[in-house]
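Asker: Provided herewith: data.txt, compact mmCIF, C-alpha atoms and all ligand atoms.
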```
# COMPACT_ATOMS: atom_id res chain seq x y z
CA MET I 1 83.92 -55.46 327.19
CA THR I 2 80.80 -54.81 325.12
CA ILE I 3 80.74 -51.31 323.83
CA GLU I 4 77.40 -49.55 323.85
CA TYR I 5 77.22 -47.38 320.77
CA PRO I 6 74.93 -44.40 320.26
CA GLU I 7 72.54 -44.26 317.30
CA ARG I 8 74.16 -44.74 313.90
CA ILE I 9 72.91 -44.40 310.33
CA GLU I 10 74.49 -46.92 308.02
CA LEU I 11 76.45 -45.05 305.33
CA ALA I 12 79.73 -46.99 305.07
CA ASN I 13 80.41 -50.42 303.66
CA THR I 14 81.87 -52.16 306.69
CA PRO I 15 83.73 -54.17 307.77
CA THR I 16 86.41 -53.00 305.36
CA PRO I 17 89.01 -55.58 304.26
CA LEU I 18 92.29 -56.06 306.09
CA GLN I 19 94.82 -57.05 303.42
CA ARG I 20 98.37 -58.25 303.67
CA LEU I 21 100.88 -56.53 301.40
CA GLN I 22 103.18 -59.41 300.59
CA ARG I 23 105.76 -57.79 298.34
CA THR I 24 106.01 -54.61 300.38
CA SER I 25 106.37 -56.65 303.59
CA GLN I 26 109.24 -58.52 302.03
CA GLN I 27 110.89 -55.35 300.86
CA LEU I 28 110.61 -53.63 304.25
CA GLY I 29 111.32 -56.63 306.43
CA VAL I 30 108.19 -56.11 308.54
CA GLU I 31 104.75 -57.70 308.32
CA LEU I 32 102.64 -55.02 306.70
CA TRP I 33 98.84 -54.99 306.43
CA ILE I 34 96.49 -52.36 305.11
CA LYS I 35 93.03 -51.64 306.51
CA ARG I 36 91.06 -50.57 303.46
CA ASP I 37 88.96 -47.71 304.78
CA ASP I 38 89.31 -46.21 301.32
CA LEU I 39 86.70 -48.85 300.44
CA THR I 40 83.96 -47.61 302.76
CA GLY I 41 82.19 -46.50 299.58
CA CYS I 42 82.61 -44.59 296.35
CA GLU I 43 81.17 -41.06 296.59
CA LEU I 44 80.99 -41.69 300.31
CA SER I 45 84.48 -43.06 300.74
CA GLY I 46 87.32 -42.83 303.21
CA ASN I 47 87.51 -42.31 306.95
CA LYS I 48 84.99 -39.47 307.20
CA VAL I 49 82.08 -41.75 306.37
CA ARG I 50 82.56 -43.71 309.59
CA LYS I 51 82.32 -40.52 311.62
CA LEU I 52 79.35 -39.26 309.61
CA GLU I 53 77.35 -42.40 310.47
CA PHE I 54 77.17 -41.13 314.05
CA LEU I 55 77.08 -37.41 313.25
CA PHE I 56 74.13 -37.75 310.88
CA ALA I 57 72.33 -39.99 313.39
CA ARG I 58 72.67 -37.11 315.86
CA ALA I 59 71.44 -34.62 313.23
CA ARG I 60 68.42 -36.82 312.65
CA GLU I 61 67.72 -37.09 316.39
CA LEU I 62 67.75 -33.30 316.53
CA GLY I 63 65.36 -33.14 313.57
CA VAL I 64 67.33 -30.57 311.55
CA ASP I 65 66.97 -30.01 307.81
CA THR I 66 70.49 -28.68 307.13
CA VAL I 67 74.05 -29.62 308.03
CA ILE I 68 76.90 -27.10 308.05
CA THR I 69 80.58 -27.90 307.92
CA GLY I 70 83.83 -26.71 306.38
CA GLY I 71 87.39 -27.47 305.43
CA GLY I 72 90.07 -26.95 302.81
CA GLU I 73 88.99 -26.42 299.21
CA GLN I 74 89.53 -30.11 298.37
CA SER I 75 88.20 -31.38 301.69
CA ASN I 76 87.27 -35.07 301.60
CA HIS I 77 85.22 -34.51 304.72
CA CYS I 78 83.12 -31.80 303.04
CA ARG I 79 82.54 -33.96 299.97
CA ALA I 80 81.48 -36.93 302.10
CA THR I 81 79.17 -34.67 304.14
CA ALA I 82 77.60 -33.21 300.98
CA MET I 83 76.99 -36.72 299.62
CA ALA I 84 75.62 -38.07 302.89
CA ALA I 85 73.29 -35.08 303.14
CA ALA I 86 72.01 -35.73 299.61
CA ARG I 87 71.50 -39.38 300.42
CA LEU I 88 69.52 -38.56 303.54
CA GLY I 89 67.48 -35.72 302.03
CA LEU I 90 69.14 -32.91 304.00
CA ARG I 91 70.63 -29.66 302.79
CA CYS I 92 74.33 -28.99 303.13
CA ARG I 93 76.26 -25.72 303.50
CA LEU I 94 80.02 -25.78 303.17
CA LEU I 95 82.61 -23.19 304.15
CA LEU I 96 85.61 -23.92 301.95
CA ARG I 97 89.00 -22.33 302.53
CA THR I 98 90.89 -21.01 299.55
CA ILE I 99 93.61 -18.44 298.86
CA LYS I 100 91.40 -15.94 297.02
CA PRO I 101 87.67 -16.39 297.64
CA ALA I 102 86.81 -13.92 294.87
CA VAL I 103 88.45 -16.31 292.41
CA PRO I 104 87.30 -19.76 293.53
CA PRO I 105 89.32 -22.78 292.42
CA LYS I 106 88.42 -24.89 289.42
CA LEU I 107 85.47 -27.22 289.50
CA THR I 108 87.53 -30.36 289.91
CA ALA I 109 87.74 -33.46 292.07
CA ASN I 110 86.02 -32.99 295.46
CA ILE I 111 84.69 -29.53 294.53
CA LEU I 112 82.96 -31.00 291.49
CA LEU I 113 81.38 -33.66 293.71
CA ASP I 114 80.28 -31.07 296.31
CA LYS I 115 78.51 -29.15 293.56
CA LEU I 116 76.99 -32.24 291.98
CA ALA I 117 75.56 -33.14 295.38
CA GLY I 118 73.95 -29.69 295.56
CA ALA I 119 75.95 -28.28 298.46
CA ASP I 120 75.84 -24.51 299.02
CA ILE I 121 79.44 -23.36 299.02
CA ARG I 122 80.75 -20.21 300.68
CA TRP I 123 84.40 -19.50 299.88
CA ILE I 124 86.49 -18.05 302.69
CA ASP I 125 90.17 -17.17 303.00
CA HIS I 126 92.75 -18.47 305.44
CA ASP I 127 92.26 -15.57 307.85
CA GLN I 128 88.51 -16.05 307.98
CA TRP I 129 89.08 -19.75 308.61
CA LYS I 130 90.65 -18.90 311.96
CA ASP I 131 87.21 -17.64 313.00
CA ARG I 132 85.41 -20.67 311.64
CA ALA I 133 83.37 -21.33 314.78
CA ALA I 134 81.81 -17.87 314.45
CA LEU I 135 81.24 -18.36 310.72
CA PHE I 136 79.57 -21.75 311.27
CA ALA I 137 77.29 -20.09 313.84
CA GLU I 138 76.55 -17.28 311.38
CA GLU I 139 75.51 -19.81 308.74
CA ALA I 140 73.33 -21.63 311.27
CA ALA I 141 71.65 -18.34 312.18
CA ALA I 142 70.96 -17.70 308.48
CA VAL I 143 69.36 -21.14 308.16
CA ASN I 144 67.23 -20.45 311.24
CA ALA I 145 66.21 -17.03 309.96
CA ALA I 146 64.95 -18.71 306.78
CA GLY I 147 62.77 -21.03 308.85
CA GLY I 148 65.09 -24.04 308.85
CA SER I 149 67.26 -25.65 311.47
CA ALA I 150 70.90 -26.62 311.25
CA TYR I 151 73.40 -29.01 312.80
CA ILE I 152 77.04 -27.92 312.81
CA ILE I 153 79.62 -30.60 312.12
CA PRO I 154 83.15 -29.45 313.01
CA GLU I 155 86.15 -29.65 310.69
CA GLY I 156 86.88 -33.28 309.80
CA GLY I 157 83.85 -34.46 311.77
CA SER I 158 86.30 -34.53 314.65
CA ASN I 159 84.40 -34.30 317.91
CA ALA I 160 83.13 -36.74 320.53
CA THR I 161 80.18 -37.89 318.39
CA GLY I 162 82.33 -38.43 315.29
CA ALA I 163 84.97 -40.30 317.30
CA TRP I 164 82.52 -43.21 317.66
CA GLY I 165 83.22 -43.99 314.01
CA TYR I 166 86.79 -44.94 314.79
CA VAL I 167 85.90 -46.62 318.06
CA ARG I 168 83.81 -48.91 315.88
CA ALA I 169 86.68 -49.26 313.37
CA ALA I 170 89.03 -50.20 316.23
CA GLU I 171 86.61 -52.93 317.27
CA GLU I 172 86.36 -54.17 313.70
CA LEU I 173 90.14 -54.29 313.42
CA HIS I 174 90.51 -55.93 316.83
CA ASN I 175 88.24 -58.76 315.61
CA GLN I 176 90.16 -59.10 312.35
CA LEU I 177 93.50 -59.23 314.15
CA ALA I 178 92.16 -61.90 316.51
CA GLU I 179 92.16 -64.24 313.48
CA LEU I 180 95.93 -63.80 313.04
CA PRO I 181 98.80 -65.12 315.16
CA SER I 182 99.46 -62.62 317.92
CA LYS I 183 102.36 -60.27 317.31
CA ALA I 184 103.44 -56.85 318.51
CA THR I 185 101.28 -54.64 316.26
CA THR I 186 101.03 -50.92 315.63
CA VAL I 187 98.12 -49.29 313.84
CA VAL I 188 99.49 -46.38 311.80
CA TYR I 189 97.20 -43.65 310.41
CA ALA I 190 97.37 -40.19 308.84
CA CYS I 191 96.42 -37.50 311.33
CA GLY I 192 94.73 -34.34 309.97
CA SER I 193 92.21 -33.08 312.50
CA GLY I 194 92.48 -35.73 315.19
CA GLY I 195 89.11 -37.49 315.10
CA THR I 196 90.41 -40.72 313.60
CA GLY I 197 93.22 -40.84 316.16
CA ALA I 198 90.89 -40.07 319.06
CA GLY I 199 88.49 -42.84 317.99
CA LEU I 200 91.24 -45.42 317.54
CA ILE I 201 92.78 -44.60 320.92
CA LEU I 202 89.42 -44.63 322.71
CA GLY I 203 88.45 -47.87 320.99
CA LYS I 204 91.73 -49.52 321.91
CA LYS I 205 91.26 -48.46 325.53
CA LEU I 206 87.61 -49.52 325.74
CA LEU I 207 88.42 -52.93 324.25
CA GLY I 208 91.68 -53.42 326.11
CA ALA I 209 93.12 -54.22 322.66
CA PRO I 210 96.79 -55.18 322.54
CA PHE I 211 97.80 -53.05 319.53
CA ALA I 212 99.58 -49.70 319.70
CA VAL I 213 98.20 -46.67 317.81
CA ALA I 214 100.51 -44.16 316.10
CA GLY I 215 99.45 -41.13 314.07
CA ILE I 216 101.65 -39.48 311.48
CA ASN I 217 100.63 -35.83 311.33
CA VAL I 218 100.21 -34.24 307.90
CA CYS I 219 99.92 -30.68 309.26
CA ASP I 220 100.63 -28.76 312.48
CA ASP I 221 102.86 -30.61 314.98
CA ARG I 222 102.93 -33.17 317.74
CA ALA I 223 101.99 -30.74 320.53
CA TYR I 224 98.98 -29.53 318.53
CA PHE I 225 97.62 -33.06 318.07
CA VAL I 226 98.34 -34.28 321.60
CA ASP I 227 96.19 -31.35 322.65
CA ALA I 228 93.49 -31.77 319.97
CA ILE I 229 93.15 -35.55 320.42
CA GLY I 230 93.32 -35.22 324.20
CA SER I 231 90.50 -32.72 324.13
CA ILE I 232 88.25 -34.89 321.91
CA CYS I 233 88.93 -37.85 324.24
CA ARG I 234 88.06 -35.79 327.34
CA ASP I 235 84.79 -34.58 325.77
CA PHE I 236 83.97 -38.15 324.77
CA ILE I 237 84.60 -39.55 328.24
CA GLU I 238 82.57 -36.79 329.85
CA GLN I 239 79.69 -36.81 327.38
CA TYR I 240 79.23 -40.59 327.43
CA LYS I 241 80.09 -40.97 331.12
CA LEU I 242 82.83 -43.53 330.72
CA GLU I 243 85.35 -44.83 333.20
CA LEU I 244 88.46 -44.19 331.16
CA GLN I 245 91.72 -42.41 331.60
CA ILE I 246 93.53 -41.07 328.55
CA ASP I 247 96.74 -39.16 329.04
CA GLU I 248 99.60 -37.90 326.93
CA THR I 249 101.37 -41.28 326.92
CA ASP I 250 98.37 -42.81 325.10
CA ILE I 251 98.63 -40.32 322.25
CA GLU I 252 101.56 -41.22 320.01
CA ILE I 253 102.17 -38.71 317.25
CA VAL I 254 105.08 -39.29 314.89
CA ASP I 255 106.10 -35.78 313.88
CA GLY I 256 108.59 -34.66 311.24
CA HIS I 257 106.82 -35.67 308.03
CA VAL I 258 104.67 -32.64 307.23
CA GLY I 259 107.20 -31.66 304.55
CA LEU I 260 106.21 -28.51 302.67
CA GLY I 261 102.98 -28.12 304.63
CA TYR I 262 99.35 -29.16 304.50
CA ALA I 263 98.30 -30.28 301.01
CA LYS I 264 101.74 -29.47 299.59
CA SER I 265 103.76 -32.38 298.21
CA ARG I 266 107.45 -32.98 297.71
CA PRO I 267 108.40 -35.02 294.62
CA ALA I 268 109.63 -37.86 296.88
CA GLU I 269 106.14 -38.18 298.38
CA LEU I 270 104.57 -38.42 294.93
CA GLU I 271 107.15 -41.02 293.94
CA THR I 272 106.18 -43.04 296.99
CA ILE I 273 102.55 -42.96 295.84
CA ARG I 274 103.59 -44.01 292.34
CA ASP I 275 105.80 -46.82 293.59
CA LEU I 276 103.19 -48.32 295.90
CA CYS I 277 100.64 -48.19 293.11
CA ARG I 278 103.00 -50.04 290.76
CA ARG I 279 103.94 -52.62 293.38
CA GLU I 280 100.51 -53.32 294.88
CA GLY I 281 97.80 -51.69 292.76
CA ILE I 282 96.74 -49.49 295.67
CA VAL I 283 96.32 -45.73 295.31
CA LEU I 284 97.09 -43.34 298.17
CA ASP I 285 96.23 -39.64 298.16
CA PRO I 286 98.87 -36.87 298.27
CA VAL I 287 97.43 -34.88 301.20
CA TYR I 288 96.95 -37.57 303.86
CA SER I 289 97.53 -41.27 303.26
CA GLY I 290 100.43 -40.78 300.82
CA LYS I 291 102.21 -38.35 303.11
CA ALA I 292 101.71 -40.62 306.12
CA TRP I 293 102.87 -43.67 304.19
CA HIS I 294 105.95 -41.78 303.07
CA GLY I 295 106.60 -40.80 306.69
CA MET I 296 106.19 -44.41 307.79
CA LEU I 297 108.80 -45.50 305.22
CA GLN I 298 111.21 -42.84 306.48
CA GLU I 299 110.76 -44.07 310.04
CA LEU I 300 111.32 -47.69 308.99
CA ALA I 301 114.42 -46.74 307.03
CA THR I 302 116.06 -45.55 310.25
CA ASP I 303 114.60 -48.28 312.46
CA ARG I 304 112.96 -51.33 310.97
CA ALA I 305 111.53 -52.32 314.36
CA ARG I 306 110.07 -48.82 314.95
CA PHE I 307 106.45 -50.08 314.89
CA GLY I 308 106.95 -53.66 316.07
CA GLU I 309 106.68 -56.91 314.13
CA ARG I 310 103.39 -56.07 312.43
CA ILE I 311 102.04 -52.82 311.07
CA VAL I 312 98.45 -52.14 310.10
CA PHE I 313 98.34 -49.00 307.97
CA VAL I 314 94.86 -47.48 307.88
CA HIS I 315 94.12 -46.36 304.34
CA THR I 316 91.91 -43.39 305.14
CA GLY I 317 90.91 -42.75 301.50
CA GLY I 318 91.11 -39.43 299.70
CA ILE I 319 91.43 -40.68 296.13
CA PHE I 320 89.66 -37.64 294.66
CA GLY I 321 92.43 -35.43 296.02
CA LEU I 322 94.74 -37.19 293.60
CA PHE I 323 92.88 -35.71 290.64
CA ALA I 324 93.29 -32.20 292.03
CA ALA I 325 97.07 -32.84 292.08
CA SER I 326 97.44 -34.32 288.60
CA GLU I 327 99.76 -31.55 287.39
CA ALA I 328 102.19 -32.16 290.23
CA PHE I 329 102.52 -35.77 289.09
CA ALA I 330 103.38 -34.91 285.50
CA ASP I 331 107.14 -34.76 286.06
CA ILE I 332 107.53 -38.06 287.84
CA LEU I 333 105.32 -39.89 285.35
CA ARG I 334 106.87 -38.51 282.19
CA ALA I 335 109.83 -40.85 281.91
CA ARG I 336 108.99 -44.32 280.65
CA THR I 337 110.34 -46.12 283.68
C1 LIG I 401 90.51 -36.25 306.85
C2 LIG I 401 91.42 -37.28 306.37
C3 LIG I 401 92.41 -37.83 307.20
C4 LIG I 401 92.67 -37.34 308.59
O1 LIG I 401 91.71 -37.79 309.50
P1 LIG I 401 91.38 -36.90 310.79
O2 LIG I 401 90.36 -37.70 311.50
O3 LIG I 401 90.88 -35.60 310.28
O4 LIG I 401 92.64 -36.75 311.55
C5 LIG I 401 93.22 -38.83 306.69
N1 LIG I 401 93.08 -39.25 305.42
C6 LIG I 401 92.16 -38.74 304.59
C7 LIG I 401 92.10 -39.25 303.21
C8 LIG I 401 91.29 -37.74 305.03
O5 LIG I 401 90.38 -37.23 304.19
```
For the file at hand, write its structure as structure tokens.
Ligand SMILES: *Cc1c(COP(=O)(O)O)cnc(C)c1O
Answerer:
Amino acid sequence: MTIEYPERIELANTPTPLQRLQRTSQQLGVELWIKRDDLTGCELSGNKVRKLEFLFARARELGVDTVITGGGEQSNHCRATAMAAARLGLRCRLLLRTIKPAVPPKLTANILLDKLAGADIRWIDHDQWKDRAALFAEEAAAVNAAGGSAYIIPEGGSNATGAWGYVRAAEELHNQLAELPSKATTVVYACGSGGTGAGLILGKKLLGAPFAVAGINVCDDRAYFVDAIGSICRDFIEQYKLELQIDETDIEIVDGHVGLGYAKSRPAELETIRDLCRREGIVLDPVYSGKAWHGMLQELATDRARFGERIVFVHTGGIFGLFAASEAFADILRART
């Protein structure tokens, strides 16, 4: 079917390449491809840019002068939002979560980029983060009181509007896979706030695409994401008046790979990132894509056929997060191996 998309502002370099990883495929005994969504751009790179194309189009329709969003201190989503805002001549306010707001983290990696792009940063702690909806509204009220107008983008850009980004990515991938011999295929992605998963699942359904979609969660648990993704899908179907049915069986979440917790890495995960880089010249990030890739390898180690004959791993980006974790890598890079 032809999908009718809402307004979109072009921010991402698409279509992104779909590349076959020859040596890794051989090693794992499964046909492995990587969808290079880390190449959607440079400052504006990774999966969030696809969502922001639709979210900023909505902000423009509403005629606001400011966008407000938030996330973890090294949020890729916040950095991409700050950059997109700069590119489109809008202001950006960020609520960034950190352990001790009175002592903000160093000006590195994504934080450096947020600041370069001129974003206004308000540091909040983990407890305050639980009330983020109220804090976003508070920021919006402050913008209004100063004579401006604001559009609130949720964490990760993960809502019905943002989900269009990965509906479009699913269509792109569907077309790329149509060029290959047909095989049982699973699209594997890192799941952090659910928007990428929701978009991929909705896209697959709208297209009637033959591939399966499996998310590897990097925080929370399966129940949390079945709920979060289910709720984005329901909003999407209602808001855009679609004839679709999404239920729990459509939402595959591969749990058990969160490890030490969100944005915390075990040495084995960092070794996985190192080894892939040495074998293929591709860099994953420690918080999302590296953790998900590591989880995928664990799954394949117990069952090589776990994801079918062909896997498409979505490289969701996050390279700047690697620079925030440089100290953690020191140990595994010290030996001259
Ligand atoms: C945000 C992010 C994800 C997770 O995507 P969600 O849509 O939030 O689930 C995965 N990888 C990277 C690099 C990200 O920045």
Asker: For the contact check between chain I and ligand LIG 401 (chain I), emit one row per residue of chain I within 7 Å, containing the shortest atom pair and the distance in Å rounded to one decimal, counting all atoms listed in the file, chain then rising number order, as JSON lines.
Answerer:
```
{"residue": "I:Gly46", "atom": "CA", "partner": "I:LIG401", "partner_atom": "C7", "distance": 6.0}
{"residue": "I:Asn47", "atom": "CA", "partner": "I:LIG401", "partner_atom": "C8", "distance": 6.2}
{"residue": "I:Lys48", "atom": "CA", "partner": "I:LIG401", "partner_atom": "C1", "distance": 6.4}
{"residue": "I:Ser75", "atom": "CA", "partner": "I:LIG401", "partner_atom": "O5", "distance": 6.7}
{"residue": "I:Asn76", "atom": "CA", "partner": "I:LIG401", "partner_atom": "O5", "distance": 4.6}
{"residue": "I:His77", "atom": "CA", "partner": "I:LIG401", "partner_atom": "O5", "distance": 5.9}
{"residue": "I:Gly156", "atom": "CA", "partner": "I:LIG401", "partner_atom": "O3", "distance": 4.6}
{"residue": "I:Ser158", "atom": "CA", "partner": "I:LIG401", "partner_atom": "O2", "distance": 6.0}
{"residue": "I:Ala190", "atom": "CA", "partner": "I:LIG401", "partner_atom": "C5", "distance": 4.9}
{"residue": "I:Cys191", "atom": "CA", "partner": "I:LIG401", "partner_atom": "O4", "distance": 3.9}
{"residue": "I:Gly192", "atom": "CA", "partner": "I:LIG401", "partner_atom": "O4", "distance": 3.6}
{"residue": "I:Ser193", "atom": "CA", "partner": "I:LIG401", "partner_atom": "O3", "distance": 3.6}
{"residue": "I:Gly194", "atom": "CA", "partner": "I:LIG401", "partner_atom": "O4", "distance": 3.8}
{"residue": "I:Gly195", "atom": "CA", "partner": "I:LIG401", "partner_atom": "O2", "distance": 3.8}
{"residue": "I:Thr196", "atom": "CA", "partner": "I:LIG401", "partner_atom": "O2", "distance": 3.7}
{"residue": "I:Gly197", "atom": "CA", "partner": "I:LIG401", "partner_atom": "O4", "distance": 6.2}
{"residue": "I:Asp285", "atom": "CA", "partner": "I:LIG401", "partner_atom": "C7", "distance": 6.5}
{"residue": "I:Tyr288", "atom": "CA", "partner": "I:LIG401", "partner_atom": "N1", "distance": 4.5}
{"residue": "I:Ser289", "atom": "CA", "partner": "I:LIG401", "partner_atom": "N1", "distance": 5.3}
{"residue": "I:Thr316", "atom": "CA", "partner": "I:LIG401", "partner_atom": "N1", "distance": 4.3}
{"residue": "I:Gly317", "atom": "CA", "partner": "I:LIG401", "partner_atom": "C7", "distance": 4.1}
{"residue": "I:Gly318", "atom": "CA", "partner": "I:LIG401", "partner_atom": "C7", "distance": 3.7}
```
Asker: Please, could you write that set of residues out with C-alpha atoms as a PDB file, in the coordinates of the input?
Answerer:
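After the write, out-v4.pdb holds the following:
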```pdb
ATOM      1  CA  GLY I  46      87.320 -42.830 303.210  1.00  0.00           C
ATOM      2  CA  ASN I  47      87.510 -42.310 306.950  1.00  0.00           C
ATOM      3  CA  LYS I  48      84.990 -39.470 307.200  1.00  0.00           C
ATOM      4  CA  SER I  75      88.200 -31.380 301.690  1.00  0.00           C
ATOM      5  CA  ASN I  76      87.270 -35.070 301.600  1.00  0.00           C
ATOM      6  CA  HIS I  77      85.220 -34.510 304.720  1.00  0.00           C
ATOM      7  CA  GLY I 156      86.880 -33.280 309.800  1.00  0.00           C
ATOM      8  CA  SER I 158      86.300 -34.530 314.650  1.00  0.00           C
ATOM      9  CA  ALA I 190      97.370 -40.190 308.840  1.00  0.00           C
ATOM     10  CA  CYS I 191      96.420 -37.500 311.330  1.00  0.00           C
ATOM     11  CA  GLY I 192      94.730 -34.340 309.970  1.00  0.00           C
ATOM     12  CA  SER I 193      92.210 -33.080 312.500  1.00  0.00           C
ATOM     13  CA  GLY I 194      92.480 -35.730 315.190  1.00  0.00           C
ATOM     14  CA  GLY I 195      89.110 -37.490 315.100  1.00  0.00           C
ATOM     15  CA  THR I 196      90.410 -40.720 313.600  1.00  0.00           C
ATOM     16  CA  GLY I 197      93.220 -40.840 316.160  1.00  0.00           C
ATOM     17  CA  ASP I 285      96.230 -39.640 298.160  1.00  0.00           C
ATOM     18  CA  TYR I 288      96.950 -37.570 303.860  1.00  0.00           C
ATOM     19  CA  SER I 289      97.530 -41.270 303.260  1.00  0.00           C
ATOM     20  CA  THR I 316      91.910 -43.390 305.140  1.00  0.00           C
ATOM     21  CA  GLY I 317      90.910 -42.750 301.500  1.00  0.00           C
ATOM     22  CA  GLY I 318      91.110 -39.430 299.700  1.00  0.00           C
TER      23      GLY I 318
END
```
Asker: I:Gln27, I:Gly72, I:Glu138, I:Arg8: which is nearest Leu276 of chain I, counting only C-alpha atoms?
Answerer: I:Gln27
Asker: Work out how far apart atom CA of Gln245 of chain I and atom CA of Ile201 of chain I are and give it in Å to one decimal.
Answerer: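 Taking atom CA of Gln245 of chain I and atom CA of Ile201 of chain I, their separation equals 11.0 Å.
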Asker: Counting only C-alpha atoms, figure out which residue out of I:Leu200, I:Ala305, I:Ser265, I:Arg122 gets nearest to Glu327 of chain I.
Answerer: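 Among I:Leu200, I:Ala305, I:Ser265, I:Arg122, it is I:Ser265 that comes nearest to Glu327 of chain I.
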Asker: For Arg50 of chain I, work out the shell of residues within 9 Å, counting only C-alpha atoms and skipping chain neighbours fewer than 6 positions away, then give it as a ChimeraX atom specification.
Answerer: /I:10-12,14,37,40,162-166,168-169
Asker: Of the residues I:Ala209, I:Pro286, I:Ala263, I:Ile9, which is the one nearest to Thr98 of chain I, using only C-alpha atoms?
Answerer: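 When distances to Thr98 of chain I are compared using only C-alpha atoms, the smallest one comes from I:Ala263.
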Asker: At a cut-off of 12 Å, using all atoms listed in the file, what residues contact Lys35 of chain I? Leave out same-chain residues fewer than 2 positions from it and give the result as a PyMOL selection string.
Answerer: chain I and resi 14-21+32-33+37-40+46-47+169-170+172-174+176-177+187-189+282+289+311-317
Asker: I need the chosen residues saved as an mmCIF file, keeping the file's coordinate frame, with C-alpha atoms.
Answerer:
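Written out: selection15.cif:
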```cif
data_model
loop_
_atom_site.group_PDB
_atom_site.id
_atom_site.type_symbol
_atom_site.label_atom_id
_atom_site.label_comp_id
_atom_site.auth_asym_id
_atom_site.auth_seq_id
_atom_site.Cartn_x
_atom_site.Cartn_y
_atom_site.Cartn_z
ATOM 1 C CA THR I 14 81.870 -52.160 306.690
ATOM 2 C CA PRO I 15 83.730 -54.170 307.770
ATOM 3 C CA THR I 16 86.410 -53.000 305.360
ATOM 4 C CA PRO I 17 89.010 -55.580 304.260
ATOM 5 C CA LEU I 18 92.290 -56.060 306.090
ATOM 6 C CA GLN I 19 94.820 -57.050 303.420
ATOM 7 C CA ARG I 20 98.370 -58.250 303.670
ATOM 8 C CA LEU I 21 100.880 -56.530 301.400
ATOM 9 C CA LEU I 32 102.640 -55.020 306.700
ATOM 10 C CA TRP I 33 98.840 -54.990 306.430
ATOM 11 C CA ASP I 37 88.960 -47.710 304.780
ATOM 12 C CA ASP I 38 89.310 -46.210 301.320
ATOM 13 C CA LEU I 39 86.700 -48.850 300.440
ATOM 14 C CA THR I 40 83.960 -47.610 302.760
ATOM 15 C CA GLY I 46 87.320 -42.830 303.210
ATOM 16 C CA ASN I 47 87.510 -42.310 306.950
ATOM 17 C CA ALA I 169 86.680 -49.260 313.370
ATOM 18 C CA ALA I 170 89.030 -50.200 316.230
ATOM 19 C CA GLU I 172 86.360 -54.170 313.700
ATOM 20 C CA LEU I 173 90.140 -54.290 313.420
ATOM 21 C CA HIS I 174 90.510 -55.930 316.830
ATOM 22 C CA GLN I 176 90.160 -59.100 312.350
ATOM 23 C CA LEU I 177 93.500 -59.230 314.150
ATOM 24 C CA VAL I 187 98.120 -49.290 313.840
ATOM 25 C CA VAL I 188 99.490 -46.380 311.800
ATOM 26 C CA TYR I 189 97.200 -43.650 310.410
ATOM 27 C CA ILE I 282 96.740 -49.490 295.670
ATOM 28 C CA SER I 289 97.530 -41.270 303.260
ATOM 29 C CA ILE I 311 102.040 -52.820 311.070
ATOM 30 C CA VAL I 312 98.450 -52.140 310.100
ATOM 31 C CA PHE I 313 98.340 -49.000 307.970
ATOM 32 C CA VAL I 314 94.860 -47.480 307.880
ATOM 33 C CA HIS I 315 94.120 -46.360 304.340
ATOM 34 C CA THR I 316 91.910 -43.390 305.140
ATOM 35 C CA GLY I 317 90.910 -42.750 301.500
#
```
Asker: Atom CA of Ala141 of chain I and atom CA of Val103 of chain I are how many Å apart?
Answerer: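 That distance, rounded to one decimal, is 26.0 Å.
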Asker: Using only C-alpha atoms, which protein or nucleic acid residues come within 12 Å of Gly256 of chain I? Drop anything in the same chain fewer than 2 positions from it, and give the result as a ChimeraX atom specification.
Answerer: /I:215-222,253-254,258-261,291-292,294-296,298-299
Asker: Take atom CA of Leu52 of chain I and atom CA of Gly199 of chain I and report the distance between them in Å, one decimal.
Answerer: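 Atom-to-atom, atom CA of Leu52 of chain I to atom CA of Gly199 of chain I, that is 12.9 Å.
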Asker: Considering all atoms listed in the file, state which residue in the set I:Ile319, I:Ala59, I:Leu284, I:Ala324 is at the smallest distance from Ile111 of chain I.
Answerer: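 Of I:Ile319, I:Ala59, I:Leu284, I:Ala324, the one nearest Ile111 of chain I, counting all atoms listed in the file, is I:Ala324.
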